[in-house]
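Structure below is data.cif: mmCIF, C-alpha atoms.
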```cif
data_model
loop_
_atom_site.label_atom_id
_atom_site.label_comp_id
_atom_site.auth_asym_id
_atom_site.auth_seq_id
_atom_site.Cartn_x
_atom_site.Cartn_y
_atom_site.Cartn_z
CA MET A 1 14.66 -11.69 -21.52
CA ARG A 2 11.22 -13.13 -21.91
CA LYS A 3 7.88 -11.49 -22.25
CA LEU A 4 5.29 -11.76 -19.54
CA GLY A 5 1.97 -13.47 -20.02
CA ASP A 6 3.65 -15.53 -22.64
CA LEU A 7 1.08 -16.43 -25.27
CA GLU A 8 -0.86 -13.16 -25.04
CA ALA A 9 2.32 -11.22 -25.51
CA LEU A 10 3.37 -13.40 -28.46
CA VAL A 11 0.02 -12.89 -30.13
CA MET A 12 0.16 -9.13 -29.62
CA GLU A 13 3.67 -9.15 -31.08
CA GLN A 14 2.29 -10.66 -34.29
CA LEU A 15 -0.51 -8.13 -34.49
CA TRP A 16 1.88 -5.25 -33.87
CA THR A 17 4.32 -6.34 -36.55
CA SER A 18 1.63 -7.05 -39.11
CA ASN A 19 0.43 -4.24 -41.34
CA GLU A 20 -3.05 -5.61 -41.80
CA PRO A 21 -5.64 -7.31 -39.61
CA LEU A 22 -4.98 -11.01 -39.06
CA LEU A 23 -7.11 -14.12 -38.87
CA VAL A 24 -6.59 -16.49 -35.96
CA ARG A 25 -5.13 -18.96 -38.46
CA GLN A 26 -2.62 -16.40 -39.72
CA VAL A 27 -1.53 -15.57 -36.16
CA LEU A 28 -1.12 -19.25 -35.41
CA GLU A 29 1.08 -19.74 -38.47
CA ALA A 30 3.20 -16.73 -37.61
CA LEU A 31 3.83 -17.82 -34.01
CA PRO A 32 7.39 -19.12 -33.40
CA ASP A 33 6.29 -22.67 -32.64
CA GLY A 34 2.80 -22.32 -34.07
CA ARG A 35 2.78 -25.85 -35.41
CA HIS A 36 2.61 -27.22 -31.87
CA ARG A 37 -0.15 -24.98 -30.63
CA ALA A 38 -3.83 -25.75 -30.74
CA TYR A 39 -5.97 -23.51 -32.90
CA THR A 40 -8.56 -23.22 -30.14
CA THR A 41 -5.93 -22.11 -27.60
CA VAL A 42 -4.88 -19.22 -29.79
CA MET A 43 -8.51 -18.40 -30.51
CA THR A 44 -9.22 -18.26 -26.75
CA VAL A 45 -6.22 -16.05 -26.13
CA MET A 46 -7.32 -13.64 -28.86
CA ASP A 47 -10.83 -13.64 -27.49
CA ASN A 48 -9.43 -12.68 -24.07
CA LEU A 49 -7.37 -9.91 -25.62
CA PHE A 50 -10.53 -8.64 -27.28
CA LYS A 51 -12.41 -8.68 -23.97
CA LYS A 52 -9.62 -6.71 -22.33
CA GLY A 53 -9.85 -4.14 -25.09
CA PHE A 54 -6.33 -4.73 -26.39
CA VAL A 55 -7.47 -5.83 -29.85
CA VAL A 56 -10.40 -4.92 -32.08
CA ARG A 57 -11.98 -7.34 -34.50
CA GLU A 58 -14.41 -7.36 -37.36
CA ARG A 59 -16.06 -10.06 -39.33
CA SER A 60 -14.52 -11.13 -42.55
CA GLY A 61 -16.63 -13.84 -44.07
CA ARG A 62 -17.23 -16.45 -41.38
CA ALA A 63 -14.21 -15.62 -39.22
CA TYR A 64 -12.96 -12.55 -37.38
CA VAL A 65 -9.93 -10.53 -38.34
CA TYR A 66 -8.04 -8.94 -35.44
CA ARG A 67 -5.79 -5.93 -35.10
CA ALA A 68 -4.20 -4.24 -32.12
CA SER A 69 -6.22 -1.37 -30.72
CA GLN A 70 -3.08 0.55 -29.76
CA SER A 71 0.55 0.43 -30.77
CA ARG A 72 3.14 -0.98 -28.41
CA ALA A 73 4.43 2.52 -27.66
CA GLU A 74 0.94 3.72 -26.82
CA HIS A 75 0.48 0.82 -24.42
CA THR A 76 3.78 1.56 -22.73
CA ALA A 77 2.93 5.23 -22.42
CA GLU A 78 -0.40 4.35 -20.90
CA VAL A 79 1.14 2.06 -18.27
CA MET A 80 3.47 4.87 -17.31
CA GLU A 81 0.78 7.54 -17.24
CA ASP A 82 -1.33 5.31 -15.04
CA ALA A 83 1.57 4.59 -12.72
CA LEU A 84 2.62 8.22 -12.47
CA THR A 85 -0.85 9.57 -11.77
CA ARG A 86 -1.27 7.01 -9.04
CA GLY A 87 1.77 8.37 -7.27
CA GLY A 88 -0.32 10.93 -5.49
CA ASP A 89 -3.28 8.91 -4.34
CA ARG A 90 -3.12 7.18 -1.02
CA GLY A 91 -4.82 4.01 -2.09
CA ALA A 92 -1.48 2.24 -2.13
CA ALA A 93 -2.24 0.48 -5.39
CA LEU A 94 1.43 0.89 -6.14
CA MET A 95 4.37 2.45 -4.38
CA HIS A 96 6.88 4.69 -6.12
CA PHE A 97 10.54 4.85 -5.27
CA VAL A 98 10.17 8.64 -5.13
CA ASP A 99 7.17 10.88 -5.50
CA GLN A 100 7.15 13.52 -8.15
CA LEU A 101 8.50 16.79 -6.96
CA THR A 102 7.14 20.28 -7.05
CA PRO A 103 9.61 22.82 -8.46
CA ASP A 104 10.14 24.15 -4.91
CA GLU A 105 11.18 20.77 -3.62
CA ALA A 106 13.42 20.22 -6.61
CA ALA A 107 15.25 23.45 -5.83
CA GLN A 108 15.58 22.40 -2.19
CA LEU A 109 17.03 19.04 -3.25
CA ARG A 110 19.53 20.65 -5.56
CA SER A 111 20.75 22.90 -2.77
CA LEU A 112 21.09 19.89 -0.47
CA LEU A 113 23.22 18.21 -3.07
CA VAL A 114 25.42 21.26 -3.48
CA ASP A 115 25.94 21.40 0.29
CA ARG A 116 27.08 17.82 0.42
CA GLU A 117 29.58 17.91 -2.43
CA PRO A 118 32.28 16.84 -2.64
CA SER A 119 31.09 13.34 -1.82
CA MET B 1 -21.83 5.81 33.23
CA THR B 2 -18.11 6.18 33.93
CA THR B 3 -16.95 3.57 31.45
CA PRO B 4 -18.43 5.02 28.26
CA LEU B 5 -17.56 8.53 29.35
CA ALA B 6 -13.95 7.58 30.02
CA LEU B 7 -13.70 5.87 26.64
CA PHE B 8 -15.24 8.75 24.70
CA ALA B 9 -13.01 11.22 26.49
CA ALA B 10 -9.95 9.12 25.68
CA ALA B 11 -10.99 8.94 22.03
CA ALA B 12 -11.54 12.70 21.86
CA VAL B 13 -8.22 13.55 23.47
CA MET B 14 -6.21 11.08 21.38
CA GLY B 15 -8.03 11.95 18.17
CA ALA B 16 -7.66 15.68 18.63
CA PHE B 17 -4.23 16.11 20.15
CA ALA B 18 -2.05 12.98 20.08
CA GLY B 19 -1.07 13.38 16.44
CA PHE B 20 0.64 16.75 16.72
CA PRO B 21 3.54 15.86 19.04
CA LEU B 22 4.08 12.60 17.17
CA SER B 23 4.20 14.28 13.76
CA ARG B 24 6.91 16.61 15.06
CA ALA B 25 8.87 14.00 17.01
CA ARG B 26 12.50 13.93 15.93
CA TRP B 27 12.92 10.30 17.03
CA ALA B 28 10.35 9.15 14.45
CA GLY B 29 12.98 9.40 11.71
CA HIS B 30 15.40 7.37 13.81
CA ALA B 31 12.97 4.53 14.35
CA PRO B 32 10.45 4.75 11.50
CA ARG B 33 8.97 1.32 12.05
CA LEU B 34 8.29 2.01 15.72
CA ALA B 35 6.74 5.34 14.76
CA VAL B 36 4.41 3.67 12.26
CA ALA B 37 3.41 1.16 14.92
CA LEU B 38 2.67 4.00 17.33
CA TRP B 39 0.58 5.85 14.74
CA HIS B 40 -1.43 2.72 14.15
CA ALA B 41 -1.78 2.00 17.85
CA LEU B 42 -3.16 5.51 18.38
CA CYS B 43 -5.58 5.20 15.48
CA PHE B 44 -6.70 1.81 16.70
CA GLY B 45 -7.07 3.23 20.20
CA VAL B 46 -9.40 5.97 18.99
CA VAL B 47 -11.56 3.66 16.91
CA SER B 48 -11.78 0.97 19.57
CA SER B 49 -12.59 3.56 22.25
CA VAL B 50 -15.53 4.86 20.25
CA VAL B 51 -16.79 1.41 19.33
CA LEU B 52 -16.40 0.00 22.84
CA GLY B 53 -17.79 3.18 24.42
CA GLY B 54 -20.89 2.85 22.28
CA LEU B 55 -21.28 -0.79 23.18
CA ALA B 56 -20.76 -0.02 26.87
CA LEU B 57 -23.65 2.45 26.66
CA ALA B 58 -25.78 -0.18 25.02
CA LEU B 59 -24.86 -3.10 27.23
CA PRO B 60 -27.15 -2.41 30.20
CA VAL B 61 -30.11 -2.07 27.87
CA LEU B 62 -29.31 -5.07 25.77
CA PRO B 63 -29.75 -8.02 28.11
CA HIS B 64 -33.50 -7.53 28.45
CA VAL B 65 -33.92 -7.92 24.76
CA MET B 66 -31.18 -10.22 23.70
CA ILE B 67 -30.11 -12.45 26.54
CA GLY B 68 -33.27 -12.44 28.57
CA ASP B 69 -33.77 -16.10 27.88
CA LEU B 70 -30.33 -17.50 28.40
CA GLY B 71 -31.07 -18.90 31.78
CA ASP B 72 -30.24 -18.30 35.37
CA PHE B 73 -26.51 -18.44 34.87
CA LEU B 74 -26.28 -15.53 32.47
CA ALA B 75 -29.08 -13.63 34.13
CA ARG B 76 -27.18 -13.45 37.37
CA CYS B 77 -24.08 -12.24 35.58
CA ALA B 78 -26.18 -9.75 33.71
CA MET B 79 -27.52 -8.41 36.99
CA ALA B 80 -24.06 -8.04 38.36
CA LEU B 81 -23.01 -6.28 35.18
CA HIS B 82 -26.01 -3.99 35.42
CA ALA B 83 -25.02 -2.96 38.85
CA GLU B 84 -21.45 -2.40 37.82
CA PHE B 85 -22.20 -0.58 34.62
CA ALA B 86 -23.95 1.98 36.78
CA ALA B 87 -27.24 3.71 37.12
CA PRO B 88 -30.44 2.99 35.22
CA ARG B 89 -30.30 4.49 31.81
CA SER B 90 -32.77 5.11 29.10
CA ALA B 91 -33.13 2.62 26.30
CA LEU B 92 -32.71 5.56 23.96
CA LEU B 93 -29.18 6.25 25.12
CA GLY B 94 -28.37 2.56 24.83
CA ALA B 95 -29.69 2.41 21.30
CA ALA B 96 -27.70 5.50 20.37
CA GLY B 97 -24.58 3.91 21.82
CA LEU B 98 -25.15 0.72 19.90
CA MET B 99 -25.71 2.67 16.70
CA LEU B 100 -22.56 4.69 17.23
CA GLY B 101 -20.43 1.63 17.90
CA VAL B 102 -21.77 -0.37 15.00
CA ALA B 103 -21.79 2.56 12.55
CA THR B 104 -18.20 3.48 13.34
CA GLY B 105 -16.99 -0.06 12.84
CA ALA B 106 -19.06 -0.57 9.70
CA ARG B 107 -17.97 2.71 8.12
CA LEU B 108 -14.31 1.84 8.61
CA LEU B 109 -14.68 -1.72 7.35
CA CYS B 110 -16.56 -0.46 4.31
CA SER B 111 -13.95 2.05 3.28
CA MET B 112 -11.19 -0.48 3.86
CA MET B 113 -12.95 -2.88 1.54
CA VAL B 114 -13.59 -0.23 -1.10
CA GLY B 115 -9.99 0.91 -0.91
CA ALA B 116 -8.68 -2.63 -1.24
CA LYS B 117 -10.94 -3.27 -4.21
CA ASP B 118 -9.89 -0.08 -6.00
CA ALA B 119 -6.24 -0.87 -5.43
CA GLU B 120 -6.74 -4.41 -6.69
CA HIS B 121 -8.43 -3.10 -9.81
CA ALA B 122 -5.65 -0.62 -10.50
CA ARG B 123 -3.02 -3.32 -10.05
CA ARG B 124 -4.85 -5.69 -12.36
CA LEU B 125 -4.93 -3.08 -15.14
CA GLN B 126 -1.22 -2.44 -14.64
CA LEU B 127 -0.31 -6.13 -14.69
CA GLU B 128 -2.43 -6.84 -17.76
CA ARG B 129 -0.67 -4.17 -19.79
CA LEU B 130 2.74 -4.96 -18.35
CA ALA B 131 2.25 -8.53 -19.49
CA LEU B 132 2.05 -7.27 -23.06
CA VAL B 133 4.72 -4.59 -23.18
CA GLY B 134 7.06 -5.27 -20.26
CA HIS B 135 10.20 -7.36 -20.44
CA ARG B 136 10.60 -9.72 -17.58
CA LEU B 137 14.15 -9.60 -16.28
CA PRO B 138 15.67 -12.69 -14.74
CA GLY B 139 16.05 -12.41 -10.99
CA ASP B 140 16.69 -14.65 -8.03
CA HIS B 141 13.91 -13.21 -5.87
CA GLU B 142 10.30 -14.18 -5.45
CA GLU B 143 9.12 -10.87 -6.91
CA SER B 144 9.01 -10.47 -10.66
CA LEU B 145 11.12 -7.72 -12.10
CA VAL B 146 9.82 -5.98 -15.20
CA LEU B 147 11.62 -3.55 -17.47
CA LEU B 148 9.48 -1.02 -19.26
CA ASP B 149 10.80 0.71 -22.39
CA ASP B 150 10.10 4.28 -21.45
CA GLY B 151 12.42 7.23 -21.29
CA ARG B 152 10.75 8.69 -18.23
CA PRO B 153 12.71 7.54 -15.18
CA ALA B 154 10.56 5.68 -12.67
CA ALA B 155 10.64 2.71 -10.34
CA TYR B 156 7.65 1.36 -8.52
CA CYS B 157 6.25 -1.82 -7.06
CA LEU B 158 2.90 -3.56 -7.31
CA PRO B 159 1.97 -5.75 -4.33
CA GLY B 160 0.94 -9.25 -5.31
CA GLY B 161 -2.51 -10.64 -4.89
CA ARG B 162 -5.14 -12.61 -6.69
CA TRP B 163 -4.05 -11.08 -9.97
CA GLY B 164 -0.46 -12.02 -9.92
CA ARG B 165 2.89 -12.02 -8.25
CA ALA B 166 4.35 -9.01 -6.53
CA THR B 167 6.11 -7.04 -9.23
CA ILE B 168 8.79 -4.38 -9.35
CA VAL B 169 8.79 -2.16 -12.41
CA VAL B 170 11.78 -0.12 -13.58
CA THR B 171 11.87 1.97 -16.72
CA SER B 172 14.79 2.09 -19.13
CA GLY B 173 14.93 5.80 -18.34
CA ALA B 174 15.69 4.99 -14.70
CA LEU B 175 18.37 2.44 -15.59
CA ASP B 176 20.10 5.02 -17.79
CA LEU B 177 20.47 7.40 -14.87
CA LEU B 178 21.62 5.04 -12.10
CA ASP B 179 24.82 3.10 -11.60
CA ASP B 180 24.77 -0.60 -10.70
CA ASP B 181 24.89 -0.11 -6.94
CA GLN B 182 22.10 2.42 -7.09
CA VAL B 183 19.96 0.07 -9.14
CA ARG B 184 20.54 -2.59 -6.50
CA LEU B 185 19.58 -0.16 -3.75
CA VAL B 186 16.44 0.98 -5.54
CA LEU B 187 15.35 -2.62 -6.11
CA ALA B 188 16.10 -3.53 -2.49
CA HIS B 189 14.02 -0.54 -1.39
CA GLU B 190 11.04 -1.67 -3.46
CA ARG B 191 11.50 -5.25 -2.28
CA ALA B 192 11.36 -4.03 1.32
CA HIS B 193 8.02 -2.34 0.58
CA LEU B 194 6.65 -5.57 -0.84
CA ARG B 195 8.03 -7.96 1.77
CA GLN B 196 6.91 -5.84 4.71
CA ARG B 197 3.50 -5.35 3.11
CA HIS B 198 3.65 -1.58 3.42
CA HIS B 199 0.64 -1.18 1.17
CA LEU B 200 -1.54 -2.59 3.96
CA ALA B 201 -0.32 0.05 6.41
CA ILE B 202 -0.87 2.83 3.88
CA GLY B 203 -4.26 1.41 2.95
CA LEU B 204 -5.30 1.40 6.60
CA SER B 205 -4.45 5.05 7.15
CA ALA B 206 -6.08 5.94 3.86
CA ALA B 207 -9.28 4.17 4.93
CA LEU B 208 -9.30 6.03 8.24
CA THR B 209 -8.90 9.38 6.51
CA SER B 210 -11.55 8.67 3.93
CA SER B 211 -14.09 7.68 6.56
CA PHE B 212 -13.22 10.10 9.37
CA GLY B 213 -11.08 12.74 7.71
CA TRP B 214 -12.16 15.36 10.22
CA VAL B 215 -10.19 13.65 12.99
CA PRO B 216 -6.79 15.40 13.14
CA LEU B 217 -5.01 12.24 14.24
CA PHE B 218 -6.10 10.29 11.16
CA ARG B 219 -5.19 13.08 8.78
CA LEU B 220 -1.76 13.44 10.31
CA ALA B 221 -1.26 9.66 10.30
CA SER B 222 -1.99 9.37 6.61
CA SER B 223 0.48 12.10 5.79
CA GLN B 224 3.22 10.73 8.06
CA VAL B 225 2.91 6.97 7.63
CA PRO B 226 3.88 6.85 3.91
CA LEU B 227 7.01 8.91 4.55
CA LEU B 228 7.99 6.76 7.53
CA LEU B 229 7.54 3.63 5.43
CA GLU B 230 9.82 5.08 2.75
CA MET B 231 12.41 5.62 5.47
CA ALA B 232 11.96 2.08 6.73
CA ALA B 233 12.46 0.75 3.20
CA ASP B 234 15.56 2.95 2.80
CA ASP B 235 17.02 1.45 5.97
CA ASP B 236 16.38 -2.05 4.71
CA ALA B 237 17.98 -1.38 1.36
CA VAL B 238 21.06 0.10 3.02
CA ARG B 239 21.32 -2.80 5.44
CA LEU B 240 21.20 -5.33 2.60
CA MET B 241 23.94 -3.51 0.69
CA THR B 242 26.10 -3.09 3.77
CA SER B 243 26.22 -6.81 4.37
CA ASP B 244 28.07 -7.17 1.06
CA HIS B 245 31.21 -5.19 0.58
CA VAL B 246 30.08 -1.61 0.91
CA VAL B 247 30.46 0.51 4.02
CA HIS B 248 27.21 1.54 5.66
CA MET B 249 27.67 5.26 5.14
CA THR B 250 28.66 4.78 1.52
CA ALA B 251 25.48 2.84 0.87
CA ARG B 252 23.41 5.55 2.53
CA ARG B 253 25.03 8.21 0.41
CA ARG B 254 24.52 6.25 -2.79
CA LEU B 255 20.89 5.72 -2.00
CA ALA B 256 20.51 9.43 -1.27
CA HIS B 257 22.01 10.14 -4.67
CA ALA B 258 19.59 7.73 -6.32
CA VAL B 259 16.68 9.52 -4.62
CA VAL B 260 17.94 12.90 -5.81
CA THR B 261 18.61 11.65 -9.33
CA LEU B 262 15.25 10.00 -9.84
CA ALA B 263 13.28 12.68 -8.02
CA SER B 264 14.75 15.59 -9.91
CA ALA B 265 14.45 13.78 -13.22
CA GLN B 266 10.77 13.26 -12.55
CA THR B 267 9.93 16.87 -11.80
CA ARG B 268 6.94 18.10 -13.69
CA ALA B 269 4.48 20.87 -13.35
CA PRO B 270 2.73 20.29 -10.02
CA ALA B 271 -0.62 18.74 -10.76
CA GLY B 272 -2.69 18.97 -7.62
CA ALA B 273 -2.59 15.41 -6.51
CA PHE B 274 1.18 15.17 -6.46
CA SER B 275 1.90 18.13 -4.26
CA ALA B 276 0.07 16.47 -1.39
CA ALA B 277 2.44 13.54 -1.37
CA GLY B 278 5.56 15.60 -1.87
CA GLY B 279 8.27 16.45 0.58
CA SER B 280 9.27 12.90 1.23
CA ALA B 281 12.27 13.04 -1.09
CA VAL B 282 13.77 16.03 0.71
CA ALA B 283 13.28 14.48 4.13
CA ARG B 284 14.75 11.18 2.98
CA VAL B 285 17.83 12.74 1.45
CA GLN B 286 18.48 14.79 4.57
CA ARG B 287 18.13 11.71 6.69
CA LEU B 288 20.34 9.52 4.48
CA SER B 289 23.08 12.13 4.40
CA GLN B 290 23.61 11.77 8.12
CA PRO B 291 24.80 8.75 10.05
CA PRO B 292 21.95 6.71 11.52
CA VAL B 293 20.90 7.38 15.10
CA ARG B 294 19.88 4.55 17.32
CA LEU B 295 17.04 5.03 19.73
CA GLY B 296 18.09 4.49 23.35
CA LEU B 297 16.74 1.57 25.32
CA THR B 298 14.82 3.81 27.71
CA ARG B 299 13.07 5.68 24.95
CA THR B 300 12.25 2.47 23.10
CA THR B 301 10.80 0.96 26.26
CA VAL B 302 8.71 4.05 27.03
CA LEU B 303 7.39 4.18 23.47
CA ALA B 304 6.60 0.48 23.41
CA ALA B 305 4.77 0.82 26.72
CA GLY B 306 2.81 3.80 25.40
CA MET B 307 1.92 1.78 22.36
CA ALA B 308 0.68 -1.14 24.46
CA VAL B 309 -1.45 1.22 26.56
CA THR B 310 -3.12 2.93 23.60
CA PHE B 311 -3.60 -0.39 21.88
CA ALA B 312 -5.03 -2.44 24.75
CA GLY B 313 -6.19 0.33 27.08
CA PRO B 314 -9.68 0.85 25.70
CA LEU B 315 -10.44 -2.85 25.81
CA LEU B 316 -9.28 -3.05 29.42
CA VAL B 317 -11.33 -0.02 30.44
CA ALA B 318 -14.38 -1.39 28.68
CA SER B 319 -14.07 -4.80 30.22
CA ALA B 320 -13.17 -3.58 33.69
CA PRO B 321 -16.75 -3.67 35.00
CA ALA B 322 -17.23 -7.11 33.51
CA LEU B 323 -14.02 -8.31 35.13
CA CYS B 324 -15.14 -6.87 38.45
CA ALA B 325 -18.48 -8.57 38.06
CA ALA B 326 -16.82 -11.85 37.26
CA ALA B 327 -14.70 -11.51 40.33
CA MET B 328 -17.78 -11.13 42.51
CA GLU B 329 -19.15 -14.25 44.14
CA ILE B 330 -22.54 -13.77 42.59
CA CYS B 331 -21.15 -14.53 39.18
CA PRO B 332 -20.23 -18.19 38.70
CA PHE B 333 -17.23 -17.43 36.45
CA THR B 334 -13.88 -18.61 37.61
CA PHE B 335 -10.49 -17.71 36.33
CA ALA B 336 -8.91 -21.01 37.21
#
```
Written as structure tokens, that's how I'd like the structure from this file.
Amino acid sequence: MRKLGDLEALVMEQLWTSNEPLLVRQVLEALPDGRHRAYTTVMTVMDNLFKKGFVVRERSGRAYVYRASQSRAEHTAEVMEDALTRGGDRGAALMHFVDQLTPDEAAQLRSLLVDREPS
Amino acid sequence: MTTPLALFAAAAVMGAFAGFPLSRARWAGHAPRLAVALWHALCFGVVSSVVLGGLALALPVLPHVMIGDLGDFLARCAMALHAEFAAPRSALLGAAGLMLGVATGARLLCSMMVGAKDAEHARRLQLERLALVGHRLPGDHEESLVLLDDGRPAAYCLPGGRWGRATIVVTSGALDLLDDDQVRLVLAHERAHLRQRHHLAIGLSAALTSSFGWVPLFRLASSQVPLLLEMAADDDAVRLMTSDHVVHMTARRRLAHAVVTLASAQTRAPAGAFSAAGGSAVARVQRLSQPPVRLGLTRTTVLAAGMAVTFAGPLLVASAPALCAAAMEICPFTFA
């Protein structure tokens, strides 16, 4: 299993596991193969994450310190919320395997299932 | 005057009435893809009738302004067309026709573009976050498969585009509820959506409804087309599984079970937007519980012919006078 969007995900991983805000240098050192990565690459990645709103940063001396704006669980929940609320719109941004049911439909489905047992 | 009148009348009749029999047709569930094609042919027929009708009104007025200078050749054709396109008509009517044709086309194009942009934006936000928190599962298909650590059972797909590859998302909650075969069926169902580009078909009906929601045909199409596409994807998933080692009916039943499992696990308080899209799960389960019905050759032929007529009819009607004119000696066109 590998994470998507490789470097961004790796950087976020560091920020999520760290208890305090991190400098770009600290993130670089903490990365699995940080030694082989360019400082500027990591800096660019963190800048992108900031622009997307996934991290917040503040100045500390001459450099920025970064921390995640939301926990991993919050991100996951937000992806799901977004996906679920888009089930109803017809814009076809994404397609669900099944739509959410109203209680009426759920009851109807259950009765269908009872009719068909034993299967 | 006959041509525009005929076209407008055709548009009115199709737009007002054609949707009702089709939305009740029992055969639609037996041949969902054909039904979707027919819905789209009807919608296209209505739009093209209005656009072409408007242009046909405008045509006799236009040549004076626009092609007055194109020389003897075109002028003679234009005269022939004038004669064919009937009696002298006011420039006002022509301008109104032109406006109608252009406005209808522009309105539709606009809302298609807006819809596509919104969808693209939503997908980009999804993919950006998925890149951070999703686990990419290895797979041997062109679509990426992403596992999301969330207890709520769900499976959905994001069509690919500028922002990334087509992606299927499953939650850990969904995997907990389904057995291996069901997982395969669910993934095959989503893959069918992506490969057959169902989002384009849904986007088209959505654009029609958002621009001309007062036309019954368009409203009915946008409520029927998504359900029919779900059925088409179900069929594909079952077919893929059947080719392995599972009997057709068994695969259908397993898929039905997966629909029931995921749908009932997802039940929540109805929140406005959802109730509109509902009902598809019940219809799908009913359909999957019965053996598939094949549409007879006669019926398929009749439907295909009807589709061709609604699709190409308006264009033929609109161009009939021009074709007649071209066939006349006065016009130096030849169909050699």
When you look at Leu31 in chain A with a cut-off of 8 Å (counting all atoms listed in the file), what residues show up, excluding the ones that are within fewer than 5 positions of it in the same chain? I need them as a list in words.
Leu10, Val11 and Gln14 of chain A
Could you turn the residues from that selection into a file that holds C-alpha atoms, as a PDB file, in the coordinates of the input?
```pdb
ATOM      1  CA  LEU A  10       3.370 -13.400 -28.460  1.00  0.00           C
ATOM      2  CA  VAL A  11       0.020 -12.890 -30.130  1.00  0.00           C
ATOM      3  CA  GLN A  14       2.290 -10.660 -34.290  1.00  0.00           C
TER       4      GLN A  14
END
```
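Comparing the minimum interatomic distances between Arg195 in chain B and each of B:Ala258, B:Val317, B:Ala265, B:Ala232, counting only C-alpha atoms, we find that B:Ala232 sits nearest.
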Near range 70-79 of chain A, counting all atoms listed in the file, which residues have an atom at most 9 Å away, once you skip same-chain residues fewer than 6 positions from it, shown as a PDB file with C-alpha atoms, keeping the file's coordinate frame?
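Wrote part_20.pdb, looks like this:
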```
ATOM      1  CA  MET A  12       0.160  -9.130 -29.620  1.00  0.00           C
ATOM      2  CA  GLU A  13       3.670  -9.150 -31.080  1.00  0.00           C
ATOM      3  CA  TRP A  16       1.880  -5.250 -33.870  1.00  0.00           C
ATOM      4  CA  PHE A  54      -6.330  -4.730 -26.390  1.00  0.00           C
ATOM      5  CA  VAL A  55      -7.470  -5.830 -29.850  1.00  0.00           C
TER       6      VAL A  55
ATOM      7  CA  LEU B 125      -4.930  -3.080 -15.140  1.00  0.00           C
ATOM      8  CA  GLN B 126      -1.220  -2.440 -14.640  1.00  0.00           C
ATOM      9  CA  ARG B 129      -0.670  -4.170 -19.790  1.00  0.00           C
ATOM     10  CA  LEU B 130       2.740  -4.960 -18.350  1.00  0.00           C
ATOM     11  CA  LEU B 132       2.050  -7.270 -23.060  1.00  0.00           C
ATOM     12  CA  VAL B 133       4.720  -4.590 -23.180  1.00  0.00           C
ATOM     13  CA  GLY B 134       7.060  -5.270 -20.260  1.00  0.00           C
ATOM     14  CA  LEU B 148       9.480  -1.020 -19.260  1.00  0.00           C
ATOM     15  CA  ASP B 149      10.800   0.710 -22.390  1.00  0.00           C
ATOM     16  CA  ASP B 150      10.100   4.280 -21.450  1.00  0.00           C
TER      17      ASP B 150
END
```
Quick one: which residues end up in the PyMOL selection byres ((chain B and resi 219) around 10) for this structure, as a VMD selection string?
chain B and resid 15 19 205 to 206 208 to 210 212 to 218 220 to 224
Of A:Pro21, A:Thr102, A:Leu49, A:Arg35, the one nearest to Glu128 in chain B when counting only C-alpha atoms is A:Leu49
Suppose a student applies the PyMOL selection byres ((chain B and resi 281) around 12) to this structure; what residues should they get, written as a ChimeraX atom specification?
/A:96-102,104-110,112 /B:226-228,230-231,234,255-264,266-267,275,277-280,282-288
Exercise: range 289-293 of chain B partners within 9 Å, all atoms listed in the file, chain neighbours under 4 positions left out, as a PyMOL selection string
(chain A and resi 116) or (chain B and resi 27+29-31+248-249+252-253+256+284-285)
10 Å contact set for Tyr66 in chain A, all atoms listed in the file, chain neighbours under 3 positions out, as an mmCIF file with C-alpha atoms, in the coordinates of the input:
```
data_model
loop_
_atom_site.group_PDB
_atom_site.id
_atom_site.type_symbol
_atom_site.label_atom_id
_atom_site.label_comp_id
_atom_site.auth_asym_id
_atom_site.auth_seq_id
_atom_site.Cartn_x
_atom_site.Cartn_y
_atom_site.Cartn_z
ATOM 1 C CA LEU A 15 -0.510 -8.130 -34.490
ATOM 2 C CA GLU A 20 -3.050 -5.610 -41.800
ATOM 3 C CA PRO A 21 -5.640 -7.310 -39.610
ATOM 4 C CA LEU A 22 -4.980 -11.010 -39.060
ATOM 5 C CA LEU A 23 -7.110 -14.120 -38.870
ATOM 6 C CA VAL A 24 -6.590 -16.490 -35.960
ATOM 7 C CA VAL A 27 -1.530 -15.570 -36.160
ATOM 8 C CA MET A 46 -7.320 -13.640 -28.860
ATOM 9 C CA ASP A 47 -10.830 -13.640 -27.490
ATOM 10 C CA LEU A 49 -7.370 -9.910 -25.620
ATOM 11 C CA PHE A 50 -10.530 -8.640 -27.280
ATOM 12 C CA VAL A 55 -7.470 -5.830 -29.850
ATOM 13 C CA VAL A 56 -10.400 -4.920 -32.080
ATOM 14 C CA ARG A 57 -11.980 -7.340 -34.500
ATOM 15 C CA GLU A 58 -14.410 -7.360 -37.360
ATOM 16 C CA ARG A 59 -16.060 -10.060 -39.330
ATOM 17 C CA SER A 60 -14.520 -11.130 -42.550
ATOM 18 C CA ALA A 63 -14.210 -15.620 -39.220
ATOM 19 C CA SER A 69 -6.220 -1.370 -30.720
#
```
Given the file above and the PyMOL selection byres ((chain B and resi 51) around 9), which residues are selected, and can you give them as a list in words?
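Output of the PyMOL selection byres ((chain B and resi 51) around 9): Val46, Val47, Ser48, Ser49, Val50, Leu52, Gly53, Gly54, Leu55, Ala56, Gly97, Leu98, Leu100, Gly101, Val102, Ala103, Thr104 and Gly105 of chain B.
If you look at CA of Ala166 in chain B and CA of His141 in chain B, they are 10.5 Å away from each other.
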